[in-house]
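Data first, discussion second: the structure below is written as structure tokens.
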Amino acid sequence: TRVGKTRTAEVLIKQDIARGDVTIVFDPKGDADLMRSTFQAACDAKRKCYVFHLGYPDISARYNPIGNFSRITEVPTRITDRASGEGSSAAFKMFGWRYVNIVAQALVFLGYIPDYQSINRHILSMDELFVEFGHAFFKGQRVEDYSEKLATLAAAVNHNQLPPAIRGRDNEAIAVMQLYKNEELSDPIFDGLLSSFRADKSYYDKIVSNMTPLLEQLNTGRTSELLAPDYLDLDDPREIFDWKSVIEQEAVVYVGLDCLSDSVVGGAVGASMFSDLTATLGGIYKGNSKIRRICLHADEFAELLGDQFIPLANKGGGAGLQITAYTQTSADLTVGIGNADKARQIAGNFNNLLVLRVKNKETAEFLTEQLPQVQVAQLTTVTSARDSSEVDTETHFTSTNEDRITTENVPLLSPSELIALPKGQAFLFTEGNLFKVRIPFSHTDDSLPDALESIAEDMKERYLSTTPEDWFKRSEAGKGYV
């Protein structure tokens, strides 16, 4: 930490923006200078820039992580990705996937765009969605006088004669169930909703308990405004974006996840964005869309890691994706994904490695173990002298001078050299070649719009650590700078 990682990101991001590539920046911690430099570089290049920040919902752009899909099954997959799939939780995860899939299909059938808010509401209580779907379905099936029939059936409901699982449920919902049976209709979405409606309450709650905490996280407070935008509210000035439109516009996106304030919600939103981006790139890869280079920069990479990142890293290159990930230690990958094998799988997808000063030997060896050994010649000078004990000769001593050259294999770079690097200097390993580089510190003008400038100043106050950026310039006495 504090050796130039984020400042290196600024340099690379500015180059990508200036080159005209689609540029997406994930910033979990919320670095004010990184946001400022990204927005400024987009303005300099006359590029559209979206700023999404969970910590500032009044000014942030809005984004629906599950609103765009090529197949409806992508919606439950993105929602249940973060749920535990280990051991006995795997079965609950799959059943939860089924119920979310049923709700998503019903919403799309009714003409709604799925979002976390609507999914959460209907997962907790299915009656409202079941009734609305039933009216639309009976109308589409041209059931004669279905409204009058439903009213008659609802008025005649006797809860004492109903199965225990649906006693106390909404009368109109029970009427929809009975009319569907009376008309002898068949529909897979209706059948799915019906099975959910008739499920025992305690059993149903156990099934969905694996994913309701995640949905609650994403629907609490002002976060729900950003992740469930009202597309029909024309008075809301906040922009709405999705990855497909970003790529088509060749725009720039800055994503501030506010993980210092709430790492759980920030990580969940970041993971959802990755899942959505993976699906979007899949559509580009198998379609006839123009392939554009998409540069994804992920600062504090471990905060964003999840199973959904693996297919993004494995197969995103075919759709033009180029990922640059920033992390502090090699152990962060294992901690972030929770599995050492998956961490190695992710690390194996990165072609180039840029290493600034590191603190521990294991992280340094992440680079040094990839480097070949080299032969080093050693020159040894040997000088000797020997006295003569023969009194009958004129030789009093003999001397010898030798130069001996030997070779041995040594590492091209040792971990200690990485641990001792000055701030802003790094080793770059690319295409089998090793380079020693220095990172230039970019200059940022204070030319942001007033709203974003106020955010940047507040981010500095809220997120700045106790160690100042310019600690290395301070004098030993602590008075001023050297």
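Residue numbers start at 1 in each chain; chains themselves are named A, B, ... in the order of the structure tokens; ligands are numbered from 1 in the order shown.
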
Residues of range 20-127 of chain A classed as strand (DSSP E) by DSSP on the backbone are to be reported as a count of residues only.
13

Using the chain letters and numbers from this document, which residues of range 166-355 of chain A does DSSP assign to helix (DSSP H, G or I), as a ChimeraX atom specification?
/A:166,171-182,188-198,201-208,212-217,223-227,243-249,263-286,301-304,309-319,331-337,340-347

Near Val208 in chain A, counting only C-alpha atoms, which residues have an atom at most 12 Å away, once you skip same-chain residues fewer than 3 positions from it, shown as an MDAnalysis selection string? chainID A and resid 79:80 83 89 91:100 119:120 122:125 196 199 201:205 211:215

Exercise for the section: Go ahead and compute the interatomic distance for CA of Ser186 in chain A and CA of His159 in chain A, in Å to one decimal. Expected result: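 Going from CA of Ser186 in chain A over to CA of His159 in chain A covers 25.3 Å.
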
_as a ChimeraX atom specification, please: the residues near range 248-257 of chain A (cut-off 6 Å, only C-alpha atoms, same-chain neighbours under 6 positions excluded)._
/A:22-28,30,47-54,266

task = Quick one: everything within 10 Å of Lys361 in chain A, counting only C-alpha atoms, minus sequence neighbours fewer than 6 positions away in the same chain. Send it as a ChimeraX atom specification.
result = /A:329,368,414-416,418-419

Select, from A:Leu234, A:Leu367, A:Ala268, A:Leu281, the residue with the minimum atom-to-atom distance to Val246 in chain A, counting only C-alpha atoms.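 The closest residue to Val246 in chain A is A:Leu281.
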